[in-house]
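What follows is a short report on a single structure.
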Amino acid sequence: MSVLKGGGLARLAYPTQVISLILSDVVGDPLDFIASGPTVANTDQVLNALNIINKYSLLNKIPESVISNIKATSTSNDVSCNEVNNFDHVQNNIIGNNSIAVKNVAKVAQQNGYSSVILSTRVEGLVSNVAIKYANLANEICLKISGGETTVILKGKGKGGRNQELALTFAKVLHEMKETHPHMDDFNIFLLSCGTDGIDGPTDAAGAIGHCQQFENVGSHLKPYECLNNNDSYSFYSKFSNGDDLVSIGHTGTNVMDVHILVICRK
C-alpha cells in the first residue's frame, strides 16, 4: 500500500532526473527487491497480489480496505512491463554490495601474504547445509572467501544469529568429520562468519569464528550440541574462551549481507 515502493518515488519525482545510490543487501542485486525498489519500475501485475491472497485463502484475514485498494489499483493503474519505458529519467547506481565487500577482503588478504580465492557472493540456503559444504572445502592450504545470506530454522528459544549458528554448526561438522578424516589434525581450520552491518540477530555481535576445538576443549558447563538445538549460539560463544571467538565490531551503519572466510593452514 506504499506510494513510494515499486517505483513510486521515481513516479512522484517525474519529470525531474533521479539519481539513486543503492546499497544492496539482497543476493544477486535485483534492483526491484532492494528496499522494495522505490526508483525501479515495477513489472508485476497488481492482480498477482490478489492471486496470492486467494491461493492461501487469506481473503477473510486481510482488512477490507486493503482488498479494496488492490482492486481499485488493478483497474485504474495496473502496472505492466510497458512501465519500464517511463523511467528514462531515473539512473540507478549500485555503490555497495556483497561482491565489493568480498573483493576487498580478498585484496587485504593478499596484502597480508595469504593465498586467497573467492568462492561465491551468492551463498544461500540452510545453515546446516552450508556448514557441510564449507567443511568439505577444507582440503587445501588457502584462504577461501564468500558471501551471501543463510537461513536458520528456529527450533528453540535461545539467543543467536545466522552467522553465529553457521560458525558453531561448522565447528560441529568439522569435529565429526575428523573421525573419518584423521589428516585434518594436521591443519588449523577456522570459519569466520559475520554480518557487514555489525549485527547478527538480536545480539551485540556481528558473528563468530568456528573451529573444532569448540566441541573438544569444552568444560562441563558448556554444551555446544544443546546450544545448537536451542538456537543458542550466542550463549555458547559468550562463555567459550571468554568470548574470544565472538566477532564484535559495533554497528557499521551499512549492510551488504554476510561475509564468510574459511582459513586452512598447517599446524
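Residues are named by chain letter and number: chains run A, B, ... in the order of the C-alpha cells, numbers start at 1 in each chain, and ligands are numbered from 1 in the order shown.
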
Quick one: which range 1-26 of chain A residues come within 9 Å of range 83-98 of chain A, and what is the nearest atom pair for each with the distance in Å to one decimal, counting only C-alpha atoms, rows ordered by chain and ascending number, as JSON lines?
```
{"residue": "A:Gly7", "atom": "CA", "partner": "A:Phe87", "partner_atom": "CA", "distance": 8.7}
{"residue": "A:Ala10", "atom": "CA", "partner": "A:Val90", "partner_atom": "CA", "distance": 7.0}
{"residue": "A:Arg11", "atom": "CA", "partner": "A:Phe87", "partner_atom": "CA", "distance": 8.1}
{"residue": "A:Tyr14", "atom": "CA", "partner": "A:His89", "partner_atom": "CA", "distance": 7.2}
{"residue": "A:Pro15", "atom": "CA", "partner": "A:His89", "partner_atom": "CA", "distance": 6.6}
{"residue": "A:Thr16", "atom": "CA", "partner": "A:His89", "partner_atom": "CA", "distance": 6.8}
{"residue": "A:Gln17", "atom": "CA", "partner": "A:His89", "partner_atom": "CA", "distance": 4.8}
{"residue": "A:Val18", "atom": "CA", "partner": "A:Val90", "partner_atom": "CA", "distance": 4.7}
{"residue": "A:Ile19", "atom": "CA", "partner": "A:Gln91", "partner_atom": "CA", "distance": 4.8}
{"residue": "A:Ser20", "atom": "CA", "partner": "A:Asn92", "partner_atom": "CA", "distance": 4.8}
{"residue": "A:Leu21", "atom": "CA", "partner": "A:Asn93", "partner_atom": "CA", "distance": 5.1}
{"residue": "A:Ile22", "atom": "CA", "partner": "A:Ile94", "partner_atom": "CA", "distance": 4.6}
{"residue": "A:Leu23", "atom": "CA", "partner": "A:Gly96", "partner_atom": "CA", "distance": 4.7}
{"residue": "A:Ser24", "atom": "CA", "partner": "A:Asn97", "partner_atom": "CA", "distance": 4.9}
{"residue": "A:Asp25", "atom": "CA", "partner": "A:Asn97", "partner_atom": "CA", "distance": 6.8}
{"residue": "A:Val26", "atom": "CA", "partner": "A:Asn97", "partner_atom": "CA", "distance": 8.4}
```

Just the selected residues (C-alpha atoms), exported as an mmCIF file, in the first residue's frame, please.
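New file part-v6.cif:
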```cif
data_model
loop_
_atom_site.group_PDB
_atom_site.id
_atom_site.type_symbol
_atom_site.label_atom_id
_atom_site.label_comp_id
_atom_site.auth_asym_id
_atom_site.auth_seq_id
_atom_site.Cartn_x
_atom_site.Cartn_y
_atom_site.Cartn_z
ATOM 1 C CA GLY A 7 8.897 2.787 -8.411
ATOM 2 C CA ALA A 10 10.503 7.887 -9.113
ATOM 3 C CA ARG A 11 6.958 8.466 -10.382
ATOM 4 C CA TYR A 14 8.877 12.812 -12.625
ATOM 5 C CA PRO A 15 9.997 14.621 -14.768
ATOM 6 C CA THR A 16 12.912 15.598 -12.509
ATOM 7 C CA GLN A 17 16.002 13.490 -13.120
ATOM 8 C CA VAL A 18 16.512 10.925 -10.359
ATOM 9 C CA ILE A 19 19.926 9.536 -9.421
ATOM 10 C CA SER A 20 19.619 6.670 -6.959
ATOM 11 C CA LEU A 21 22.659 5.435 -4.990
ATOM 12 C CA ILE A 22 21.946 1.896 -3.842
ATOM 13 C CA LEU A 23 23.449 -0.375 -1.184
ATOM 14 C CA SER A 24 22.397 -3.927 -1.943
ATOM 15 C CA ASP A 25 21.521 -6.337 0.855
ATOM 16 C CA VAL A 26 19.900 -8.861 -1.494
#
```

Closest contacts (range 43-151 of chain A/range 237-256 of chain A, max 10 Å, only C-alpha atoms) as CSV:
```
residue,atom,partner,partner_atom,distance
A:Gly96,CA,A:Val256,CA,6.9
A:Asn97,CA,A:Val256,CA,5.0
A:Asn98,CA,A:Val256,CA,5.0
A:Ser99,CA,A:Val256,CA,8.7
A:Ile100,CA,A:Val256,CA,8.9
A:Ala101,CA,A:Val256,CA,7.5
A:Val102,CA,A:Val256,CA,9.9
A:Gly147,CA,A:Val256,CA,9.2
A:Gly148,CA,A:Val256,CA,8.5
A:Glu149,CA,A:Val256,CA,9.6
```

Produce a file of the selected residues containing N, CA and C atoms, as a short mmCIF file (atom, residue, chain, number, x, y, z; two decimals), in the first residue's frame.
```
data_model
loop_
_atom_site.label_atom_id
_atom_site.label_comp_id
_atom_site.auth_asym_id
_atom_site.auth_seq_id
_atom_site.Cartn_x
_atom_site.Cartn_y
_atom_site.Cartn_z
N GLY A 96 27.41 -0.14 -3.45
CA GLY A 96 27.93 -1.08 -2.47
C GLY A 96 27.14 -2.37 -2.51
N ASN A 97 27.85 -3.49 -2.54
CA ASN A 97 27.18 -4.79 -2.49
C ASN A 97 28.14 -5.84 -1.94
N ASN A 98 27.68 -7.05 -1.85
CA ASN A 98 28.49 -8.11 -1.26
C ASN A 98 29.73 -8.40 -2.09
N SER A 99 29.61 -8.28 -3.39
CA SER A 99 30.75 -8.54 -4.27
C SER A 99 31.89 -7.57 -3.99
N ILE A 100 31.57 -6.29 -3.80
CA ILE A 100 32.59 -5.30 -3.48
C ILE A 100 33.25 -5.62 -2.14
N ALA A 101 32.44 -5.99 -1.15
CA ALA A 101 32.97 -6.32 0.17
C ALA A 101 33.91 -7.52 0.10
N VAL A 102 33.48 -8.57 -0.59
CA VAL A 102 34.27 -9.79 -0.67
C VAL A 102 35.58 -9.55 -1.43
N GLY A 147 30.33 -14.88 0.28
CA GLY A 147 29.34 -14.04 0.95
C GLY A 147 27.94 -14.38 0.50
N GLY A 148 26.98 -13.84 1.19
CA GLY A 148 25.58 -14.10 0.88
C GLY A 148 24.75 -14.00 2.13
N GLU A 149 23.74 -14.84 2.23
CA GLU A 149 22.85 -14.78 3.39
C GLU A 149 22.20 -16.14 3.58
#
```

**Neighbour list for Glu140 in chain A as JSON, numbers by chain, cut-off 12 Å, only C-alpha atoms, skip fewer than 6 positions in-chain** = {"A": [115, 116, 117, 183, 184, 186, 187, 188, 189, 262, 263, 264, 265, 266]}

**Prompt:** So which residues of range 48-244 of chain A fall under alpha helix (DSSP H) by DSSP, listed as number ranges by chain?
**Reply:** A: 48-55, 64-76, 98-111, 127-136, 162-177, 224-229, 233-239

**Message:** as a VMD selection string, please: the residues near range 222-236 of chain A (cut-off 9 Å, only C-alpha atoms, same-chain neighbours under 4 positions excluded).
**Reply:** chain A and resid 152 to 161 164 to 165 167 to 169 172 203 205 207 to 208 214 to 215 218 240 243 246

**Request:** Just the residues within 7 Å of His260 in chain A, please, counting only C-alpha atoms, with nothing from its chain fewer than 2 positions along; format it as a list in words.
**Result:**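 Residues meeting the cut-off are Ile145, Ser146, Gly147, Leu191, Leu192, Ser193, Cys194, Asp258 and Leu262 of chain A.
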
Writing out the chosen residues with C-alpha atoms as a JSON list (two decimals), in the first residue's frame:
```json
[["chain", "number", "residue", "atom", "x", "y", "z"],
["A", 145, "ILE", "CA", 36.15, -16.11, 0.85],
["A", 146, "SER", "CA", 32.46, -15.97, 0.06],
["A", 147, "GLY", "CA", 29.34, -14.04, 0.95],
["A", 191, "LEU", "CA", 35.44, -20.28, 9.59],
["A", 192, "LEU", "CA", 34.66, -16.63, 10.27],
["A", 193, "SER", "CA", 31.06, -15.72, 9.54],
["A", 194, "CYS", "CA", 29.82, -12.21, 10.22],
["A", 258, "ASP", "CA", 27.34, -11.50, 5.26],
["A", 262, "LEU", "CA", 37.43, -20.10, 5.57]]
```

Who sits within 6 Å of range 29-39 of chain A, only C-alpha atoms, same chain under 6 positions skipped, as a PDB file with C-alpha atoms, in the first residue's frame:
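File produced: selection_23.pdb:
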```pdb
ATOM      1  CA  LEU A   4       6.992   5.005  -2.631  1.00  0.00           C
ATOM      2  CA  LYS A   5       7.781   1.337  -3.203  1.00  0.00           C
ATOM      3  CA  GLY A   6       7.724  -0.337  -6.595  1.00  0.00           C
ATOM      4  CA  GLY A   7       8.897   2.787  -8.411  1.00  0.00           C
ATOM      5  CA  GLY A   8       6.546   5.118  -6.559  1.00  0.00           C
ATOM      6  CA  LEU A   9       9.273   7.554  -5.528  1.00  0.00           C
ATOM      7  CA  ALA A  10      10.503   7.887  -9.113  1.00  0.00           C
TER       8      ALA A  10
END
```

**Message:** Using only C-alpha atoms for the distances, tell me which of A:His211, A:His221, A:Lys107, A:Lys144 is nearest to Leu166 in chain A.
**Reply:** A:His211
